[in-house]
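This is final_32.pdb (PDB, C-alpha atoms).
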```
ATOM      1  CA  MET L   1       0.000   0.000   0.000  1.00  0.00           C
ATOM      2  CA  PHE L   2       1.205   3.494  -0.841  1.00  0.00           C
ATOM      3  CA  ASP L   3       0.171   6.329   1.474  1.00  0.00           C
ATOM      4  CA  GLY L   4       1.874   9.147  -0.375  1.00  0.00           C
ATOM      5  CA  THR L   5       5.053   9.270   1.695  1.00  0.00           C
ATOM      6  CA  GLY L   6       7.318   6.656   0.134  1.00  0.00           C
ATOM      7  CA  ASP L   7       9.057   6.453  -3.205  1.00  0.00           C
ATOM      8  CA  PRO L   8       6.391   6.507  -5.941  1.00  0.00           C
ATOM      9  CA  LYS L   9       8.748   4.841  -8.434  1.00  0.00           C
ATOM     10  CA  VAL L  10       9.125   1.818  -6.181  1.00  0.00           C
ATOM     11  CA  HIS L  11       5.363   1.622  -5.702  1.00  0.00           C
ATOM     12  CA  MET L  12       4.632   1.854  -9.427  1.00  0.00           C
ATOM     13  CA  LYS L  13       7.199  -0.852 -10.231  1.00  0.00           C
ATOM     14  CA  THR L  14       5.900  -3.207  -7.537  1.00  0.00           C
ATOM     15  CA  TYR L  15       2.283  -2.599  -8.511  1.00  0.00           C
ATOM     16  CA  TYR L  16       2.988  -3.153 -12.197  1.00  0.00           C
ATOM     17  CA  ASP L  17       4.872  -6.385 -11.467  1.00  0.00           C
ATOM     18  CA  LYS L  18       2.005  -7.723  -9.336  1.00  0.00           C
ATOM     19  CA  LEU L  19      -0.439  -7.237 -12.202  1.00  0.00           C
ATOM     20  CA  VAL L  20       1.427  -9.275 -14.772  1.00  0.00           C
ATOM     21  CA  GLU L  21      -1.671 -11.511 -15.023  1.00  0.00           C
ATOM     22  CA  VAL L  22      -3.769  -8.558 -16.218  1.00  0.00           C
ATOM     23  CA  GLY L  23      -1.630  -8.368 -19.322  1.00  0.00           C
ATOM     24  CA  LYS L  24      -1.984  -5.297 -21.474  1.00  0.00           C
ATOM     25  CA  ASN L  25      -5.481  -4.332 -20.308  1.00  0.00           C
ATOM     26  CA  GLU L  26      -4.759  -0.783 -19.182  1.00  0.00           C
ATOM     27  CA  GLN L  27      -8.315  -0.064 -18.059  1.00  0.00           C
ATOM     28  CA  ILE L  28      -8.232  -2.879 -15.498  1.00  0.00           C
ATOM     29  CA  ARG L  29      -4.747  -1.893 -14.364  1.00  0.00           C
ATOM     30  CA  MET L  30      -5.881   1.708 -13.887  1.00  0.00           C
ATOM     31  CA  LYS L  31      -9.061   0.684 -12.045  1.00  0.00           C
ATOM     32  CA  LEU L  32      -7.193  -1.633  -9.677  1.00  0.00           C
ATOM     33  CA  PHE L  33      -4.519   0.970  -8.937  1.00  0.00           C
ATOM     34  CA  MET L  34      -6.808   2.619  -6.405  1.00  0.00           C
ATOM     35  CA  ARG L  35      -6.669  -0.555  -4.289  1.00  0.00           C
ATOM     36  CA  SER L  36      -2.928  -0.095  -3.837  1.00  0.00           C
ATOM     37  CA  LEU L  37      -3.321   3.356  -2.275  1.00  0.00           C
ATOM     38  CA  THR L  38      -4.169   4.610   1.182  1.00  0.00           C
ATOM     39  CA  GLY L  39      -4.241   7.915   3.058  1.00  0.00           C
ATOM     40  CA  ASP L  40      -3.344  11.050   1.093  1.00  0.00           C
ATOM     41  CA  ALA L  41      -2.491   9.070  -2.026  1.00  0.00           C
ATOM     42  CA  LEU L  42      -5.961   7.491  -2.068  1.00  0.00           C
ATOM     43  CA  SER L  43      -7.612  10.862  -1.431  1.00  0.00           C
ATOM     44  CA  TRP L  44      -5.726  12.325  -4.375  1.00  0.00           C
ATOM     45  CA  TYR L  45      -6.743   9.448  -6.670  1.00  0.00           C
ATOM     46  CA  ILE L  46     -10.412   9.650  -5.678  1.00  0.00           C
ATOM     47  CA  SER L  47     -10.455  13.392  -6.350  1.00  0.00           C
ATOM     48  CA  GLN L  48      -9.297  12.863  -9.956  1.00  0.00           C
ATOM     49  CA  ASN L  49     -11.540  12.484 -12.982  1.00  0.00           C
ATOM     50  CA  PRO L  50     -10.444   9.140 -14.490  1.00  0.00           C
ATOM     51  CA  LYS L  51     -11.738  10.225 -17.909  1.00  0.00           C
ATOM     52  CA  LYS L  52      -8.805  12.608 -18.205  1.00  0.00           C
ATOM     53  CA  TRP L  53      -6.432   9.633 -18.400  1.00  0.00           C
ATOM     54  CA  ALA L  54      -6.313   8.230 -21.912  1.00  0.00           C
ATOM     55  CA  ASN L  55      -4.092   5.345 -20.865  1.00  0.00           C
ATOM     56  CA  TRP L  56      -1.960   3.834 -18.114  1.00  0.00           C
ATOM     57  CA  LEU L  57       0.992   6.046 -18.979  1.00  0.00           C
ATOM     58  CA  SER L  58      -0.977   9.276 -18.512  1.00  0.00           C
ATOM     59  CA  MET L  59      -2.342   8.101 -15.150  1.00  0.00           C
ATOM     60  CA  ALA L  60       1.105   6.941 -13.993  1.00  0.00           C
ATOM     61  CA  SER L  61       2.605  10.244 -15.101  1.00  0.00           C
ATOM     62  CA  ASP L  62       0.051  12.236 -13.077  1.00  0.00           C
ATOM     63  CA  PHE L  63       0.710  10.014 -10.073  1.00  0.00           C
ATOM     64  CA  MET L  64       4.467  10.488 -10.352  1.00  0.00           C
ATOM     65  CA  ASP L  65       4.047  14.271 -10.723  1.00  0.00           C
ATOM     66  CA  ARG L  66       1.848  14.336  -7.615  1.00  0.00           C
ATOM     67  CA  CYS L  67       4.442  12.427  -5.569  1.00  0.00           C
ATOM     68  CA  ARG L  68       7.595  13.865  -7.125  1.00  0.00           C
ATOM     69  CA  PHE L  69       8.498  15.758  -3.950  1.00  0.00           C
ATOM     70  CA  ASN L  70       9.017  12.401  -2.199  1.00  0.00           C
ATOM     71  CA  THR L  71      12.093  11.714  -4.282  1.00  0.00           C
ATOM     72  CA  GLU L  72      13.305  15.283  -4.744  1.00  0.00           C
ATOM     73  CA  ASN L  73      13.607  16.156  -1.064  1.00  0.00           C
ATOM     74  CA  VAL L  74      16.486  13.994   0.005  1.00  0.00           C
ATOM     75  CA  LEU L  75      16.812  13.925   3.760  1.00  0.00           C
ATOM     76  CA  ASP L  76      20.191  14.497   5.345  1.00  0.00           C
ATOM     77  CA  ILE L  77      21.722  14.355   8.810  1.00  0.00           C
ATOM     78  CA  PHE L  78      20.744  17.971   9.526  1.00  0.00           C
ATOM     79  CA  TYR L  79      17.091  17.072   9.029  1.00  0.00           C
ATOM     80  CA  ILE L  80      17.414  14.281  11.609  1.00  0.00           C
ATOM     81  CA  GLN L  81      19.230  16.561  14.063  1.00  0.00           C
ATOM     82  CA  ASN L  82      16.336  19.031  13.892  1.00  0.00           C
ATOM     83  CA  LEU L  83      13.571  16.452  14.200  1.00  0.00           C
ATOM     84  CA  LYS L  84      11.652  17.335  17.357  1.00  0.00           C
ATOM     85  CA  LYS L  85       9.047  15.512  19.395  1.00  0.00           C
ATOM     86  CA  LYS L  86       5.562  16.833  18.691  1.00  0.00           C
ATOM     87  CA  PRO L  87       3.565  17.911  21.755  1.00  0.00           C
ATOM     88  CA  THR L  88       0.805  15.468  20.827  1.00  0.00           C
ATOM     89  CA  GLU L  89       2.983  12.353  20.526  1.00  0.00           C
ATOM     90  CA  THR L  90       4.361  10.019  23.157  1.00  0.00           C
ATOM     91  CA  PHE L  91       8.083   9.417  23.381  1.00  0.00           C
ATOM     92  CA  ARG L  92       7.550   5.952  21.891  1.00  0.00           C
ATOM     93  CA  GLU L  93       5.711   7.471  18.905  1.00  0.00           C
ATOM     94  CA  TYR L  94       8.482  10.035  18.489  1.00  0.00           C
ATOM     95  CA  ALA L  95      11.172   7.330  18.619  1.00  0.00           C
ATOM     96  CA  THR L  96       9.326   5.250  16.036  1.00  0.00           C
ATOM     97  CA  ARG L  97       8.911   8.271  13.738  1.00  0.00           C
ATOM     98  CA  TRP L  98      12.581   9.186  14.243  1.00  0.00           C
ATOM     99  CA  ARG L  99      13.725   5.684  13.263  1.00  0.00           C
ATOM    100  CA  LEU L 100      11.540   5.746  10.156  1.00  0.00           C
ATOM    101  CA  GLU L 101      13.026   9.100   9.139  1.00  0.00           C
ATOM    102  CA  VAL L 102      16.614   7.944   9.783  1.00  0.00           C
ATOM    103  CA  ALA L 103      16.057   5.063   7.352  1.00  0.00           C
ATOM    104  CA  LYS L 104      15.318   7.621   4.618  1.00  0.00           C
ATOM    105  CA  VAL L 105      18.510   9.642   5.070  1.00  0.00           C
ATOM    106  CA  LYS L 106      20.890   9.703   2.076  1.00  0.00           C
ATOM    107  CA  PRO L 107      23.561   8.422   2.481  1.00  0.00           C
ATOM    108  CA  ALA L 108      22.235   6.029   5.080  1.00  0.00           C
ATOM    109  CA  LEU L 109      23.370   6.625   8.632  1.00  0.00           C
ATOM    110  CA  LYS L 110      25.378   3.730  10.032  1.00  0.00           C
ATOM    111  CA  GLU L 111      25.335   2.676  13.649  1.00  0.00           C
ATOM    112  CA  GLU L 112      28.756   2.629  15.253  1.00  0.00           C
TER     113      GLU L 112
END
```
Hey, can you dump this file as structure tokens for me?
Amino acid sequence: MFDGTGDPKVHMKTYYDKLVEVGKNEQIRMKLFMRSLTGDALSWYISQNPKKWANWLSMASDFMDRCRFNTENVLDIFYIQNLKKKPTETFREYATRWRLEVAKVKPALKEE
């Protein structure tokens, strides 16, 4: 499931590979795509008019444009250093969020 926060290229590749049985039927592939989304990504898809997409490529292109910022904003160590606990989250929630963000840092941070 893609919630709008990961790498859209990875999601598209995985989704496309899972639907190898569908073959070249783009309409089915496009219709089923919604089932691979959740959260903000699903909200975005539902708000679109599917008639504007002539084919799979046009839908995939819109999706990639919508999520482009996920791959353009590369996180670095300074981002992690400035990551603060939100007033509404427990320390455990903060630690979990921090670990998830550390995994996204380029180049990856290594434990010593």
Output the residue selection produced by the PyMOL selection byres ((chain L and resi 46) around 12) on the file above, formatted as a PDB file with C-alpha atoms, in the frame of the given file.
```pdb
ATOM      1  CA  LYS L  31      -9.061   0.684 -12.045  1.00  0.00           C
ATOM      2  CA  PHE L  33      -4.519   0.970  -8.937  1.00  0.00           C
ATOM      3  CA  MET L  34      -6.808   2.619  -6.405  1.00  0.00           C
ATOM      4  CA  ARG L  35      -6.669  -0.555  -4.289  1.00  0.00           C
ATOM      5  CA  LEU L  37      -3.321   3.356  -2.275  1.00  0.00           C
ATOM      6  CA  THR L  38      -4.169   4.610   1.182  1.00  0.00           C
ATOM      7  CA  GLY L  39      -4.241   7.915   3.058  1.00  0.00           C
ATOM      8  CA  ASP L  40      -3.344  11.050   1.093  1.00  0.00           C
ATOM      9  CA  ALA L  41      -2.491   9.070  -2.026  1.00  0.00           C
ATOM     10  CA  LEU L  42      -5.961   7.491  -2.068  1.00  0.00           C
ATOM     11  CA  SER L  43      -7.612  10.862  -1.431  1.00  0.00           C
ATOM     12  CA  TRP L  44      -5.726  12.325  -4.375  1.00  0.00           C
ATOM     13  CA  TYR L  45      -6.743   9.448  -6.670  1.00  0.00           C
ATOM     14  CA  SER L  47     -10.455  13.392  -6.350  1.00  0.00           C
ATOM     15  CA  GLN L  48      -9.297  12.863  -9.956  1.00  0.00           C
ATOM     16  CA  ASN L  49     -11.540  12.484 -12.982  1.00  0.00           C
ATOM     17  CA  PRO L  50     -10.444   9.140 -14.490  1.00  0.00           C
ATOM     18  CA  PHE L  63       0.710  10.014 -10.073  1.00  0.00           C
TER      19      PHE L  63
END
```
The PyMOL selection byres ((chain L and resi 27) around 12) on the file shown: which residues, as a list in words? Val22, Gly23, Lys24, Asn25, Glu26, Ile28, Arg29, Met30, Lys31, Leu32, Phe33, Pro50, Lys51, Trp53, Ala54, Asn55, Trp56, Leu57, Ser58 and Met59 of chain L
Which residues, named as in the file, does the PyMOL selection byres ((chain L and resi 11) around 12) pick out? Answer as a list in words. Met1, Phe2, Asp3, Gly4, Thr5, Gly6, Asp7, Pro8, Lys9, Val10, Met12, Lys13, Thr14, Tyr15, Tyr16, Asp17, Lys18, Phe33, Ser36, Leu37, Ala41, Ala60, Phe63, Met64, Cys67 and Asn70 of chain L
Show me, as a PyMOL selection string, the residues that have an atom within 12 Å of segment 82-87 of chain L when counting all atoms listed in the file, minus same-chain residues fewer than 3 positions from it. chain L and resi 75-79+90-102
Listed atoms of segment 40-47 of chain L boxed along x, y and z, 4 Å each side, centre and edge lengths in Å, one decimal, as AutoDock Vina command-line options:
```
--center_x -6.5 --center_y 10.4 --center_z -2.8 --size_x 16.0 --size_y 13.9 --size_z 15.8
```
Could segment 95-106 of chain L be completed with all heavy atoms and written as a compact mmCIF listing (two decimals), in the coordinates of the input, please?
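Contents of part.txt, freshly written:
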```
# COMPACT_ATOMS: atom_id res chain seq x y z
N ALA L 95 10.04 8.21 18.93
CA ALA L 95 11.17 7.33 18.62
C ALA L 95 10.90 6.50 17.37
O ALA L 95 11.78 6.34 16.52
CB ALA L 95 11.46 6.41 19.81
N THR L 96 9.69 6.03 17.23
CA THR L 96 9.33 5.25 16.04
C THR L 96 9.41 6.12 14.79
O THR L 96 9.97 5.73 13.77
CB THR L 96 7.90 4.67 16.18
OG1 THR L 96 7.87 3.84 17.34
CG2 THR L 96 7.50 3.88 14.95
N ARG L 97 8.86 7.34 14.87
CA ARG L 97 8.91 8.27 13.74
C ARG L 97 10.36 8.63 13.41
O ARG L 97 10.75 8.67 12.25
CB ARG L 97 8.10 9.54 14.06
CG ARG L 97 8.03 10.55 12.93
CD ARG L 97 7.03 11.66 13.23
NE ARG L 97 7.27 12.38 14.45
CZ ARG L 97 8.06 13.46 14.54
NH1 ARG L 97 8.66 13.93 13.46
NH2 ARG L 97 8.21 14.07 15.70
N TRP L 98 11.17 8.84 14.44
CA TRP L 98 12.58 9.19 14.24
C TRP L 98 13.31 8.06 13.51
O TRP L 98 14.03 8.31 12.55
CB TRP L 98 13.23 9.47 15.60
CG TRP L 98 14.62 10.01 15.50
CD1 TRP L 98 14.97 11.32 15.38
CD2 TRP L 98 15.84 9.27 15.50
NE1 TRP L 98 16.34 11.44 15.32
CE2 TRP L 98 16.90 10.19 15.39
CE3 TRP L 98 16.13 7.91 15.60
CZ2 TRP L 98 18.23 9.80 15.36
CZ3 TRP L 98 17.46 7.51 15.57
CH2 TRP L 98 18.49 8.46 15.45
N ARG L 99 13.08 6.83 13.92
CA ARG L 99 13.72 5.68 13.26
C ARG L 99 13.30 5.56 11.80
O ARG L 99 14.11 5.25 10.94
CB ARG L 99 13.40 4.39 14.01
CG ARG L 99 14.14 4.26 15.31
CD ARG L 99 13.84 2.94 15.97
NE ARG L 99 14.48 2.89 17.26
CZ ARG L 99 13.92 2.39 18.34
NH1 ARG L 99 12.70 1.88 18.29
NH2 ARG L 99 14.56 2.38 19.49
N LEU L 100 12.02 5.81 11.54
CA LEU L 100 11.54 5.75 10.16
C LEU L 100 12.21 6.82 9.30
O LEU L 100 12.57 6.59 8.15
CB LEU L 100 10.03 5.90 10.10
CG LEU L 100 9.21 4.72 10.65
CD1 LEU L 100 7.74 5.10 10.75
CD2 LEU L 100 9.40 3.49 9.79
N GLU L 101 12.38 8.01 9.87
CA GLU L 101 13.03 9.10 9.14
C GLU L 101 14.52 8.82 8.92
O GLU L 101 15.06 9.12 7.86
CB GLU L 101 12.82 10.43 9.88
CG GLU L 101 11.38 10.88 9.93
CD GLU L 101 10.78 11.09 8.55
OE1 GLU L 101 11.38 11.78 7.72
OE2 GLU L 101 9.69 10.54 8.30
N VAL L 102 15.19 8.27 9.92
CA VAL L 102 16.61 7.94 9.78
C VAL L 102 16.83 6.98 8.62
O VAL L 102 17.81 7.10 7.87
CB VAL L 102 17.17 7.35 11.10
CG1 VAL L 102 18.53 6.68 10.88
CG2 VAL L 102 17.29 8.44 12.15
N ALA L 103 15.91 6.04 8.43
CA ALA L 103 16.06 5.06 7.35
C ALA L 103 15.99 5.73 5.98
O ALA L 103 16.49 5.17 5.00
CB ALA L 103 14.96 4.00 7.47
N LYS L 104 15.45 6.93 5.90
CA LYS L 104 15.32 7.62 4.62
C LYS L 104 16.51 8.52 4.29
O LYS L 104 16.60 9.03 3.19
CB LYS L 104 14.06 8.50 4.62
CG LYS L 104 12.76 7.73 4.79
CD LYS L 104 11.62 8.71 4.90
CE LYS L 104 10.33 8.04 5.31
NZ LYS L 104 9.27 9.03 5.53
N VAL L 105 17.39 8.74 5.25
CA VAL L 105 18.51 9.64 5.07
C VAL L 105 19.47 9.13 3.99
O VAL L 105 19.78 7.94 3.95
CB VAL L 105 19.27 9.86 6.40
CG1 VAL L 105 20.56 10.64 6.18
CG2 VAL L 105 18.39 10.58 7.38
N LYS L 106 19.92 10.03 3.13
CA LYS L 106 20.89 9.70 2.08
C LYS L 106 22.18 10.45 2.34
O LYS L 106 22.14 11.66 2.50
CB LYS L 106 20.35 10.11 0.70
CG LYS L 106 19.04 9.51 0.34
CD LYS L 106 19.16 8.04 0.09
CE LYS L 106 17.80 7.56 -0.40
NZ LYS L 106 17.44 6.28 -0.14
```
